[in-house]
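File shown: target01.pdb. Contents: PDB, C-alpha atoms.
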```
MODEL        1
ATOM      1  CA  MET F  27       0.000   0.000   0.000
ATOM      2  CA  ALA F  28       1.327   3.408  -0.866
ATOM      3  CA  GLY F  29       2.170   5.592   2.113
ATOM      4  CA  HIS F  30       1.352   9.218   2.720
ATOM      5  CA  ASP F  31       2.758  12.271   4.430
ATOM      6  CA  PRO F  32       1.633  12.337   8.082
ATOM      7  CA  ASP F  33       2.080  16.105   8.111
ATOM      8  CA  ALA F  34      -0.606  16.521   5.450
ATOM      9  CA  PRO F  35      -3.816  15.175   7.006
ATOM     10  CA  ALA F  36      -5.995  16.701   4.300
ATOM     11  CA  LEU F  37      -4.424  14.426   1.703
ATOM     12  CA  PHE F  38      -6.341  11.365   2.858
ATOM     13  CA  ASP F  39      -9.251  13.088   4.557
ATOM     14  CA  ILE F  40     -12.193  11.692   2.618
ATOM     15  CA  GLY F  41     -14.633  13.968   4.432
ATOM     16  CA  GLY F  42     -18.398  13.527   4.499
ATOM     17  CA  LEU F  43     -20.144  11.571   1.781
ATOM     18  CA  ALA F  44     -23.418  13.515   1.671
ATOM     19  CA  PRO F  45     -24.665  14.207  -1.878
ATOM     20  CA  PRO F  46     -23.854  17.705  -3.116
ATOM     21  CA  THR F  47     -26.497  19.840  -4.755
ATOM     22  CA  PRO F  48     -26.428  19.385  -8.556
ATOM     23  CA  THR F  49     -25.122  22.568 -10.117
ATOM     24  CA  THR F  50     -24.315  22.005 -13.746
ATOM     25  CA  ASP F  51     -25.213  20.487 -17.086
ATOM     26  CA  VAL F  52     -23.661  17.098 -17.807
ATOM     27  CA  SER F  53     -21.736  18.113 -20.913
ATOM     28  CA  ARG F  54     -21.205  21.888 -20.664
ATOM     29  CA  LEU F  55     -20.354  22.413 -16.978
ATOM     30  CA  THR F  56     -22.519  25.528 -16.985
ATOM     31  CA  ASP F  57     -26.180  26.374 -16.486
ATOM     32  CA  ALA F  58     -28.391  29.378 -17.072
ATOM     33  CA  SER F  59     -29.741  29.903 -13.544
ATOM     34  CA  PRO F  60     -28.257  32.924 -11.719
ATOM     35  CA  ARG F  61     -26.028  32.153  -8.743
ATOM     36  CA  PRO F  62     -23.082  33.750  -6.924
ATOM     37  CA  VAL F  63     -19.910  33.550  -8.995
ATOM     38  CA  PRO F  64     -17.254  31.518  -7.120
ATOM     39  CA  ALA F  65     -13.620  32.539  -7.158
ATOM     40  CA  PHE F  66     -11.562  30.977  -9.936
ATOM     41  CA  MET F  67     -10.550  27.448  -8.920
ATOM     42  CA  ASP F  68     -12.476  27.439  -5.638
ATOM     43  CA  LEU F  69     -12.248  23.676  -5.169
ATOM     44  CA  GLU F  70     -15.131  23.538  -2.731
ATOM     45  CA  GLY F  71     -17.351  24.123  -5.768
ATOM     46  CA  PRO F  72     -18.197  20.935  -7.728
ATOM     47  CA  ARG F  73     -17.379  22.413 -11.137
ATOM     48  CA  TYR F  74     -13.912  23.664 -10.212
ATOM     49  CA  ALA F  75     -13.114  20.505  -8.211
ATOM     50  CA  TYR F  76     -14.002  18.402 -11.252
ATOM     51  CA  MET F  77     -12.051  20.698 -13.559
ATOM     52  CA  PHE F  78      -8.956  20.564 -11.339
ATOM     53  CA  GLY F  79      -9.019  16.754 -11.156
ATOM     54  CA  PHE F  80      -9.282  16.609 -14.940
ATOM     55  CA  LEU F  81      -6.412  19.090 -15.343
ATOM     56  CA  GLN F  82      -4.172  17.156 -12.948
ATOM     57  CA  ALA F  83      -4.700  13.945 -14.881
ATOM     58  CA  ASP F  84      -4.865  15.181 -18.483
ATOM     59  CA  GLY F  85      -3.465  18.716 -18.453
ATOM     60  CA  HIS F  86       0.057  20.001 -18.952
ATOM     61  CA  LEU F  87       1.550  23.103 -17.332
ATOM     62  CA  ALA F  88       4.610  24.347 -19.224
ATOM     63  CA  SER F  89       6.967  27.152 -18.270
ATOM     64  CA  GLY F  90       8.632  29.395 -20.833
ATOM     65  CA  THR F  91      11.316  32.051 -20.789
ATOM     66  CA  GLY F  92      10.649  35.001 -18.512
ATOM     67  CA  HIS F  93       7.044  35.015 -17.382
ATOM     68  CA  LYS F  94       5.804  33.040 -20.369
ATOM     69  CA  GLY F  95       4.154  29.667 -20.105
ATOM     70  CA  ARG F  96       0.887  27.903 -20.766
ATOM     71  CA  LEU F  97      -1.628  25.424 -19.426
ATOM     72  CA  CYS F  98      -3.134  23.155 -22.054
ATOM     73  CA  VAL F  99      -5.382  20.114 -22.335
ATOM     74  CA  GLU F 100      -5.602  18.020 -25.492
ATOM     75  CA  ILE F 101      -8.411  15.468 -25.834
ATOM     76  CA  ASN F 102     -10.350  13.701 -28.558
ATOM     77  CA  VAL F 103     -12.520  16.164 -30.459
ATOM     78  CA  ARG F 104     -15.627  14.168 -29.516
ATOM     79  CA  ASP F 105     -15.194  15.551 -25.970
ATOM     80  CA  ILE F 106     -14.705  19.178 -26.996
ATOM     81  CA  ALA F 107     -17.786  20.220 -24.984
ATOM     82  CA  ILE F 108     -15.843  19.724 -21.749
ATOM     83  CA  LEU F 109     -13.162  22.152 -22.942
ATOM     84  CA  ARG F 110     -15.820  24.727 -23.751
ATOM     85  CA  GLY F 111     -17.053  24.295 -20.199
ATOM     86  CA  PHE F 112     -13.541  24.913 -18.852
ATOM     87  CA  GLN F 113     -13.280  28.024 -21.014
ATOM     88  CA  GLN F 114     -16.543  29.415 -19.647
ATOM     89  CA  LEU F 115     -15.419  28.727 -16.074
ATOM     90  CA  THR F 116     -12.143  30.603 -16.604
ATOM     91  CA  PRO F 117     -12.235  34.416 -16.227
ATOM     92  CA  TYR F 118      -9.077  34.782 -18.324
ATOM     93  CA  ASN F 119      -8.493  34.720 -22.070
ATOM     94  CA  SER F 120      -8.092  31.191 -23.410
ATOM     95  CA  SER F 121      -8.495  29.453 -26.743
ATOM     96  CA  ILE F 122      -9.760  26.164 -28.161
ATOM     97  CA  THR F 123      -8.227  24.871 -31.365
ATOM     98  CA  GLU F 124      -8.466  21.622 -33.328
ATOM     99  CA  ARG F 125      -5.809  19.618 -35.091
ATOM    100  CA  VAL F 126      -5.442  16.341 -36.991
ATOM    101  CA  ARG F 127      -2.229  14.335 -36.715
ATOM    102  CA  SER F 128      -0.901  10.783 -36.715
ATOM    103  CA  THR F 129      -0.118   9.083 -33.392
ATOM    104  CA  ASN F 130       1.172   5.727 -32.178
ATOM    105  CA  PHE F 131      -2.446   4.589 -31.937
ATOM    106  CA  ALA F 132      -4.051   6.039 -35.065
ATOM    107  CA  ALA F 133      -2.978   7.314 -38.461
ATOM    108  CA  ARG F 134      -5.483  10.157 -38.197
ATOM    109  CA  HIS F 135      -6.257  11.508 -34.732
ATOM    110  CA  HIS F 136      -8.592  14.511 -34.554
ATOM    111  CA  SER F 137      -8.130  16.350 -31.253
ATOM    112  CA  ALA F 138      -9.179  19.565 -29.525
ATOM    113  CA  VAL F 139      -6.757  21.678 -27.472
ATOM    114  CA  TRP F 140      -7.669  24.198 -24.764
ATOM    115  CA  THR F 141      -4.844  26.652 -24.022
ATOM    116  CA  LEU F 142      -4.567  29.176 -21.172
ATOM    117  CA  CYS F 143      -1.495  31.436 -20.964
ATOM    118  CA  ASP F 144      -2.380  33.961 -18.258
ATOM    119  CA  ARG F 145       0.343  34.062 -15.599
ATOM    120  CA  GLU F 146      -2.032  34.640 -12.678
ATOM    121  CA  ALA F 147      -4.235  31.685 -13.679
ATOM    122  CA  ARG F 148      -1.191  29.427 -14.084
ATOM    123  CA  ALA F 149       0.099  30.419 -10.663
ATOM    124  CA  LYS F 150      -3.265  29.538  -9.134
ATOM    125  CA  VAL F 151      -3.470  26.015 -10.519
ATOM    126  CA  ASN F 152       0.202  25.461  -9.734
ATOM    127  CA  ASP F 153      -0.316  26.498  -6.097
ATOM    128  CA  LEU F 154      -3.248  24.082  -5.850
ATOM    129  CA  GLY F 155      -1.107  21.139  -6.931
ATOM    130  CA  LEU F 156      -0.587  20.995 -10.698
ATOM    131  CA  PRO F 157       3.225  20.907 -11.157
ATOM    132  CA  TYR F 158       5.096  22.345 -14.112
ATOM    133  CA  GLY F 159       6.522  19.832 -16.560
ATOM    134  CA  ARG F 160       6.316  16.075 -16.019
ATOM    135  CA  LYS F 161       3.785  15.540 -13.279
ATOM    136  CA  SER F 162       2.188  12.087 -13.551
ATOM    137  CA  LYS F 163       4.015  10.746 -10.464
ATOM    138  CA  ARG F 164       3.949  14.037  -8.542
ATOM    139  CA  ILE F 165       0.270  14.962  -8.437
ATOM    140  CA  THR F 166      -1.569  14.584  -5.126
ATOM    141  CA  PRO F 167      -5.107  15.318  -3.945
ATOM    142  CA  PRO F 168      -5.442  19.016  -2.993
ATOM    143  CA  ARG F 169      -4.383  19.993   0.511
ATOM    144  CA  ALA F 170      -6.996  22.736   0.638
ATOM    145  CA  GLU F 171     -10.671  21.908   1.151
ATOM    146  CA  PHE F 172     -12.223  20.454  -1.987
ATOM    147  CA  SER F 173     -15.335  18.682  -3.269
ATOM    148  CA  ARG F 174     -14.012  15.155  -3.065
ATOM    149  CA  ARG F 175     -16.201  13.104  -5.325
ATOM    150  CA  ASP F 176     -16.212  15.784  -8.024
ATOM    151  CA  TYR F 177     -12.402  15.860  -7.924
ATOM    152  CA  LEU F 178     -12.214  12.056  -8.208
ATOM    153  CA  ARG F 179     -14.706  12.042 -11.078
ATOM    154  CA  GLY F 180     -12.457  14.504 -12.918
ATOM    155  CA  ILE F 181      -9.501  12.161 -12.376
ATOM    156  CA  ILE F 182     -11.485   9.145 -13.631
ATOM    157  CA  ASP F 183     -12.946  11.023 -16.603
ATOM    158  CA  ALA F 184      -9.398  11.863 -17.713
ATOM    159  CA  ASP F 185      -7.423   8.743 -16.742
ATOM    160  CA  GLY F 186     -10.021   6.130 -15.882
ATOM    161  CA  SER F 187     -12.658   3.989 -17.507
ATOM    162  CA  LEU F 188     -16.030   2.490 -16.674
ATOM    163  CA  GLY F 189     -18.528   0.220 -18.367
ATOM    164  CA  TYR F 190     -18.806  -3.538 -18.850
ATOM    165  CA  THR F 191     -16.049  -6.122 -19.214
ATOM    166  CA  GLY F 192     -16.032  -8.702 -21.988
ATOM    167  CA  GLN F 193     -17.811 -11.045 -19.575
ATOM    168  CA  GLY F 194     -20.583  -8.503 -19.028
ATOM    169  CA  LEU F 195     -19.457  -7.417 -15.550
ATOM    170  CA  PRO F 196     -19.645  -3.737 -14.537
ATOM    171  CA  PHE F 197     -16.327  -2.101 -13.732
ATOM    172  CA  VAL F 198     -14.788   1.231 -12.722
ATOM    173  CA  SER F 199     -11.023   1.582 -13.110
ATOM    174  CA  LEU F 200      -8.245   4.132 -12.810
ATOM    175  CA  THR F 201      -4.738   3.984 -14.266
ATOM    176  CA  THR F 202      -2.371   6.440 -12.597
ATOM    177  CA  ALA F 203       1.340   6.850 -11.947
ATOM    178  CA  SER F 204       0.612   8.812  -8.755
ATOM    179  CA  ALA F 205       0.733   6.770  -5.546
ATOM    180  CA  PRO F 206      -1.163   9.426  -3.512
ATOM    181  CA  VAL F 207      -4.004   9.644  -6.053
ATOM    182  CA  GLY F 208      -4.305   5.860  -6.311
ATOM    183  CA  ALA F 209      -4.293   5.458  -2.532
ATOM    184  CA  TYR F 210      -6.833   8.252  -2.111
ATOM    185  CA  LEU F 211      -9.257   6.545  -4.493
ATOM    186  CA  CYS F 212      -8.855   3.305  -2.524
ATOM    187  CA  ARG F 213      -9.598   5.041   0.778
ATOM    188  CA  TYR F 214     -12.577   6.923  -0.629
ATOM    189  CA  ALA F 215     -14.057   3.938  -2.472
ATOM    190  CA  LYS F 216     -13.814   1.787   0.654
ATOM    191  CA  ALA F 217     -15.863   4.360   2.568
ATOM    192  CA  VAL F 218     -18.479   4.364  -0.207
ATOM    193  CA  THR F 219     -18.650   0.659  -1.088
ATOM    194  CA  GLY F 220     -16.966  -1.195   1.772
ATOM    195  CA  THR F 221     -14.617  -2.817  -0.757
ATOM    196  CA  ALA F 222     -10.919  -2.651   0.097
ATOM    197  CA  ARG F 223      -8.172  -2.428  -2.511
ATOM    198  CA  ARG F 224      -4.391  -2.499  -2.172
ATOM    199  CA  ILE F 225      -2.370  -0.757  -4.840
ATOM    200  CA  GLY F 226       0.927  -1.840  -6.311
ATOM    201  CA  ARG F 227       2.867  -0.614  -9.336
ATOM    202  CA  ASN F 228       2.487  -2.582 -12.549
ATOM    203  CA  ALA F 229       5.776  -4.377 -13.223
ATOM    204  CA  ARG F 230       5.578  -3.588 -16.940
ATOM    205  CA  ASP F 231       5.202   0.197 -16.913
ATOM    206  CA  GLY F 232       5.314   1.222 -13.253
ATOM    207  CA  VAL F 233       1.747   2.539 -12.977
ATOM    208  CA  TYR F 234      -1.080   1.679 -10.607
ATOM    209  CA  ASN F 235      -4.211  -0.032 -11.904
ATOM    210  CA  VAL F 236      -7.130   0.255  -9.471
ATOM    211  CA  VAL F 237     -10.213  -1.722 -10.517
ATOM    212  CA  TYR F 238     -13.662  -2.188  -8.961
ATOM    213  CA  THR F 239     -16.150  -4.679 -10.368
ATOM    214  CA  LYS F 240     -19.691  -5.971  -9.809
ATOM    215  CA  GLU F 241     -21.624  -4.374  -6.916
ATOM    216  CA  ALA F 242     -18.676  -2.203  -5.863
ATOM    217  CA  ALA F 243     -18.458  -0.748  -9.372
ATOM    218  CA  VAL F 244     -22.206  -0.081  -9.481
ATOM    219  CA  GLN F 245     -22.144   1.678  -6.106
ATOM    220  CA  LEU F 246     -19.040   3.720  -6.885
ATOM    221  CA  ALA F 247     -20.306   4.820 -10.313
ATOM    222  CA  ALA F 248     -23.674   5.860  -8.871
ATOM    223  CA  HIS F 249     -21.946   7.855  -6.141
ATOM    224  CA  LEU F 250     -19.442   9.642  -8.365
ATOM    225  CA  TYR F 251     -21.750  10.257 -11.330
ATOM    226  CA  TYR F 252     -24.773  11.788  -9.610
ATOM    227  CA  PRO F 253     -27.550  13.442 -11.702
ATOM    228  CA  ASP F 254     -26.481  16.581 -13.609
ATOM    229  CA  CYS F 255     -22.893  16.364 -12.380
ATOM    230  CA  PRO F 256     -20.049  17.882 -14.407
ATOM    231  CA  SER F 257     -18.588  15.044 -16.478
ATOM    232  CA  LEU F 258     -17.843  13.763 -19.942
ATOM    233  CA  ALA F 259     -21.238  12.954 -21.453
ATOM    234  CA  ARG F 260     -20.184   9.504 -22.680
ATOM    235  CA  LYS F 261     -18.846   8.483 -19.271
ATOM    236  CA  SER F 262     -21.920   9.784 -17.488
ATOM    237  CA  THR F 263     -23.996   7.640 -19.863
ATOM    238  CA  ALA F 264     -21.786   4.624 -19.166
ATOM    239  CA  ALA F 265     -22.143   5.161 -15.408
ATOM    240  CA  ALA F 266     -25.925   5.333 -15.708
ATOM    241  CA  SER F 267     -25.971   2.047 -17.636
ATOM    242  CA  LEU F 268     -24.287   0.226 -14.740
ATOM    243  CA  ALA F 269     -27.274   0.859 -12.466
ATOM    244  CA  SER F 270     -29.311  -1.809 -14.276
ATOM    245  CA  TRP F 271     -26.851  -4.621 -13.535
ATOM    246  CA  GLU F 272     -27.975  -7.385 -11.189
ATOM    247  CA  ARG F 273     -25.861 -10.297 -10.037
ATOM    248  CA  PRO F 274     -26.976 -13.540 -11.739
ATOM    249  CA  ALA F 275     -28.489 -16.052  -9.348
ATOM    250  CA  THR F 276     -25.767 -18.557 -10.287
ATOM    251  CA  MET F 277     -22.908 -16.173  -9.420
ATOM    252  CA  ARG F 278     -21.787 -16.768  -5.856
ATOM    253  CA  VAL F 279     -20.778 -13.897  -3.611
ATOM    254  CA  ARG F 280     -17.126 -14.073  -2.658
ATOM    255  CA  PRO F 281     -16.624 -13.483   1.089
ATOM    256  CA  PRO F 282     -14.324 -10.637   2.197
ATOM    257  CA  GLY F 283     -10.629 -11.455   2.325
ATOM    258  CA  ARG F 284      -9.313 -12.823   5.612
ATOM    259  CA  ARG F 285      -5.848 -11.690   6.628
ATOM    260  CA  TRP F 286      -3.328 -14.220   7.868
ATOM    261  CA  LYS F 287      -2.407 -13.843  11.537
ATOM    262  CA  PRO F 288       1.079 -14.595  12.928
ATOM    263  CA  TRP F 289      -0.119 -17.635  14.877
ATOM    264  CA  GLU F 290      -1.709 -19.048  11.705
ATOM    265  CA  ASP F 291       1.583 -18.728   9.843
ATOM    266  CA  LEU F 292       3.382 -20.514  12.707
ATOM    267  CA  THR F 293       0.793 -23.289  12.712
ATOM    268  CA  LEU F 294       1.164 -23.717   8.971
ATOM    269  CA  LEU F 295       4.973 -23.755   9.071
ATOM    270  CA  SER F 296       5.086 -26.264  11.936
ATOM    271  CA  SER F 297       2.586 -28.644  10.337
ATOM    272  CA  GLU F 298       3.726 -31.450   8.062
ATOM    273  CA  ASP F 299       0.239 -31.959   6.669
ATOM    274  CA  THR F 300      -1.389 -29.087   4.754
ATOM    275  CA  THR F 301      -4.767 -30.808   4.838
ATOM    276  CA  ALA F 302      -4.681 -31.090   8.633
ATOM    277  CA  ALA F 303      -3.502 -27.481   8.957
ATOM    278  CA  ALA F 304      -6.353 -26.310   6.738
ATOM    279  CA  ALA F 305      -8.886 -28.088   8.942
ATOM    280  CA  GLU F 306      -7.332 -26.643  12.103
ATOM    281  CA  LEU F 307      -7.259 -23.097  10.716
ATOM    282  CA  GLY F 308     -10.674 -23.200   9.090
ATOM    283  CA  ARG F 309      -9.202 -22.386   5.685
ATOM    284  CA  SER F 310      -9.168 -24.119   2.322
ATOM    285  CA  GLU F 311      -6.316 -26.461   1.482
ATOM    286  CA  ALA F 312      -5.527 -24.397  -1.619
ATOM    287  CA  SER F 313      -5.246 -21.226   0.475
ATOM    288  CA  CYS F 314      -2.901 -22.947   2.921
ATOM    289  CA  SER F 315      -0.733 -24.358   0.130
ATOM    290  CA  VAL F 316      -0.323 -20.952  -1.503
ATOM    291  CA  ARG F 317       0.430 -19.263   1.828
ATOM    292  CA  LEU F 318       3.002 -21.904   2.751
ATOM    293  CA  TRP F 319       4.728 -21.533  -0.614
ATOM    294  CA  ARG F 320       4.848 -17.747  -0.205
ATOM    295  CA  LEU F 321       6.305 -18.060   3.297
ATOM    296  CA  LYS F 322       8.990 -20.519   2.201
ATOM    297  CA  THR F 323       9.964 -18.520  -0.906
ATOM    298  CA  GLY F 324      10.117 -15.213   0.980
ATOM    299  CA  GLN F 325       7.257 -13.572  -0.943
ATOM    300  CA  VAL F 326       5.717 -12.709   2.427
ATOM    301  CA  ARG F 327       7.746 -12.053   5.556
ATOM    302  CA  ARG F 328       7.571 -14.450   8.458
ATOM    303  CA  HIS F 329       6.456 -13.122  11.827
ATOM    304  CA  GLU F 330       9.908 -13.513  13.380
ATOM    305  CA  ASP F 331      11.452 -11.460  10.562
ATOM    306  CA  LEU F 332       9.172  -8.462  11.067
ATOM    307  CA  PRO F 333      10.463  -5.437  13.034
ATOM    308  CA  PRO F 334       9.009  -5.023  16.542
ATOM    309  CA  SER F 335       5.971  -2.787  16.890
ATOM    310  CA  PRO F 336       6.738   0.721  18.216
TER     311      PRO F 336
ENDMDL
END
```
Would you kindly transcribe this structure into structure tokens?
Amino acid sequence: MAGHDPDAPALFDIGGLAPPTPTTDVSRLTDASPRPVPAFMDLEGPRYAYMFGFLQADGHLASGTGHKGRLCVEINVRDIAILRGFQQLTPYNSSITERVRSTNFAARHHSAVWTLCDREARAKVNDLGLPYGRKSKRITPPRAEFSRRDYLRGIIDADGSLGYTGQGLPFVSLTTASAPVGAYLCRYAKAVTGTARRIGRNARDGVYNVVYTKEAAVQLAAHLYYPDCPSLARKSTAAASLASWERPATMRVRPPGRRWKPWEDLTLLSSEDTTAAAAELGRSEASCSVRLWRLKTGQVRRHEDLPPSP
């Protein structure tokens, strides 16, 4: 499990989980009803919290010579409505352009780019936690107060996915190189769904893949994608489709994981018969065999090898 800075309690403070009041159109992030205008990037507001999460995951803050620099987001042109929403939320001059180019994934990729150059605006988002330059491993949840589920939805809209697997199972997933962001999602999702996840870097590319399936995915999607929330329209539609899923009667419910205790490891190591140890411990023989192999090969540390508790 990724650790966190004990001097920054706000980083993993998931806060209350009460539903916020819907404030914005699904695709445009704006509405026509009059309301007080919040300060730019006030993260306690759902629209700015969502926008900031999206910018952290999919934006790029570049510095130039002198006071020059820019903040930009490039996405598929099909999602251009979200960039128009960002533009309307930003009280500084910005532009949206389109371009077509070849990429590693497609010979013809049509994208939309939102660009903001104002120095004051860049300083604001930088202070809130969007670093200049390469930032995928350095982003963290905001340390100031923020609308938590709107922020996480922005992260998932940019770097996550949701829908149905090839086997027809609902899922919500996030791929991130940031340990704090991955751990924060795990903490928050456990409070919402009761489902625990442990994160570890993918051996191939060093990123974290956090996945929720079945009932946990349905609950998490319904919580994050509430009615009229700011989001990508296609992902809001995908989230809504998960609500109709019901577990087939033939699909058994897997019980929650049971952690191994030190005395169970000692019992297993001292036993010459895995079958007898399984009966004594109230565990399956397969579980005991795997645990014994991991203990003997050093994949898990034995109790006597662990440092003493403080």
Resolved residues for the PyMOL selection byres ((chain F and resi 145) around 8) as an mmCIF file with C-alpha atoms, keeping the file's coordinate frame:
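Result written to part37.cif:
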```cif
data_model
loop_
_atom_site.group_PDB
_atom_site.id
_atom_site.type_symbol
_atom_site.label_atom_id
_atom_site.label_comp_id
_atom_site.auth_asym_id
_atom_site.auth_seq_id
_atom_site.Cartn_x
_atom_site.Cartn_y
_atom_site.Cartn_z
ATOM 1 C CA HIS F 93 7.044 35.015 -17.382
ATOM 2 C CA LYS F 94 5.804 33.040 -20.369
ATOM 3 C CA GLY F 95 4.154 29.667 -20.105
ATOM 4 C CA CYS F 143 -1.495 31.436 -20.964
ATOM 5 C CA ASP F 144 -2.380 33.961 -18.258
ATOM 6 C CA GLU F 146 -2.032 34.640 -12.678
ATOM 7 C CA ALA F 147 -4.235 31.685 -13.679
ATOM 8 C CA ARG F 148 -1.191 29.427 -14.084
ATOM 9 C CA ALA F 149 0.099 30.419 -10.663
#
```
*asked:* Here's the selection I'm unsure about, the PyMOL selection byres ((chain F and resi 161) around 9); applied to the file above, which residues does it give, as a PyMOL selection string?
replied: chain F and resi 82-83+86-87+156-160+162-165+204
*Grab the CA of Val244 (chain F) to CA of Leu268 (chain F) distance for me, in Å with one decimal place.*
5.7 Å
*Using only C-alpha atoms, determine which residues lie at most 8 Å from Val207 (chain F), disregarding the query and same-chain residues fewer than 4 positions distant; provide the list as JSON, numbers by chain.*
{"F": [165, 166, 167, 202, 211]}
*Evaluate the PyMOL selection byres ((chain F and resi 235-238) around 12) and report residues as a ChimeraX atom specification*: /F:27,182,185-191,195-205,207-213,215-216,218-234,239-247
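Minimum distance to Tyr76 (chain F) across F:Trp289, F:Tyr118, F:Phe172, F:Tyr214 (counting only C-alpha atoms) occurs at F:Phe172.
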*How many Å lie between CA of Ser262 (chain F) and CA of Phe80 (chain F), rounded to one decimal?*
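Interatomic distance here is 14.6 Å.
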*Kindly give the distance, in Å, that separates CA of Gly192 (chain F) and CA of Ala266 (chain F), rounded to a single decimal.*
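Value for the CA of Gly192 (chain F)-CA of Ala266 (chain F) distance: 18.3 Å.
Closest approach to Ala248 (chain F) from the set F:Pro168, F:Arg175, F:Ser137, F:Ala303 is made by F:Arg175, with distances taken over only C-alpha atoms.
For the set F:Gly111, F:Pro274, F:Pro288, F:Gly79, the residue with the smallest atom-to-atom gap to Leu154 (chain F) is F:Gly79, counting all atoms listed in the file.
With only C-alpha atoms as the atoms that count, the residue of F:Ile122, F:Leu109, F:Leu307, F:Ala302 with the shortest distance to Lys287 (chain F) is F:Leu307.
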*Expected residue set, 10 Å radius at (-6.7, 16.9, -27.2), all atoms listed in the file, as a ChimeraX atom specification*: /F:84-85,98-106,109,122-126,135-140
From the block I gave, I'd like region 151-173 of chain F written with C-alpha atoms, as a PDB file, in the first residue's frame.
```pdb
ATOM      1  CA  VAL F 151      -3.470  26.015 -10.519  1.00  0.00           C
ATOM      2  CA  ASN F 152       0.202  25.461  -9.734  1.00  0.00           C
ATOM      3  CA  ASP F 153      -0.316  26.498  -6.097  1.00  0.00           C
ATOM      4  CA  LEU F 154      -3.248  24.082  -5.850  1.00  0.00           C
ATOM      5  CA  GLY F 155      -1.107  21.139  -6.931  1.00  0.00           C
ATOM      6  CA  LEU F 156      -0.587  20.995 -10.698  1.00  0.00           C
ATOM      7  CA  PRO F 157       3.225  20.907 -11.157  1.00  0.00           C
ATOM      8  CA  TYR F 158       5.096  22.345 -14.112  1.00  0.00           C
ATOM      9  CA  GLY F 159       6.522  19.832 -16.560  1.00  0.00           C
ATOM     10  CA  ARG F 160       6.316  16.075 -16.019  1.00  0.00           C
ATOM     11  CA  LYS F 161       3.785  15.540 -13.279  1.00  0.00           C
ATOM     12  CA  SER F 162       2.188  12.087 -13.551  1.00  0.00           C
ATOM     13  CA  LYS F 163       4.015  10.746 -10.464  1.00  0.00           C
ATOM     14  CA  ARG F 164       3.949  14.037  -8.542  1.00  0.00           C
ATOM     15  CA  ILE F 165       0.270  14.962  -8.437  1.00  0.00           C
ATOM     16  CA  THR F 166      -1.569  14.584  -5.126  1.00  0.00           C
ATOM     17  CA  PRO F 167      -5.107  15.318  -3.945  1.00  0.00           C
ATOM     18  CA  PRO F 168      -5.442  19.016  -2.993  1.00  0.00           C
ATOM     19  CA  ARG F 169      -4.383  19.993   0.511  1.00  0.00           C
ATOM     20  CA  ALA F 170      -6.996  22.736   0.638  1.00  0.00           C
ATOM     21  CA  GLU F 171     -10.671  21.908   1.151  1.00  0.00           C
ATOM     22  CA  PHE F 172     -12.223  20.454  -1.987  1.00  0.00           C
ATOM     23  CA  SER F 173     -15.335  18.682  -3.269  1.00  0.00           C
TER      24      SER F 173
END
```
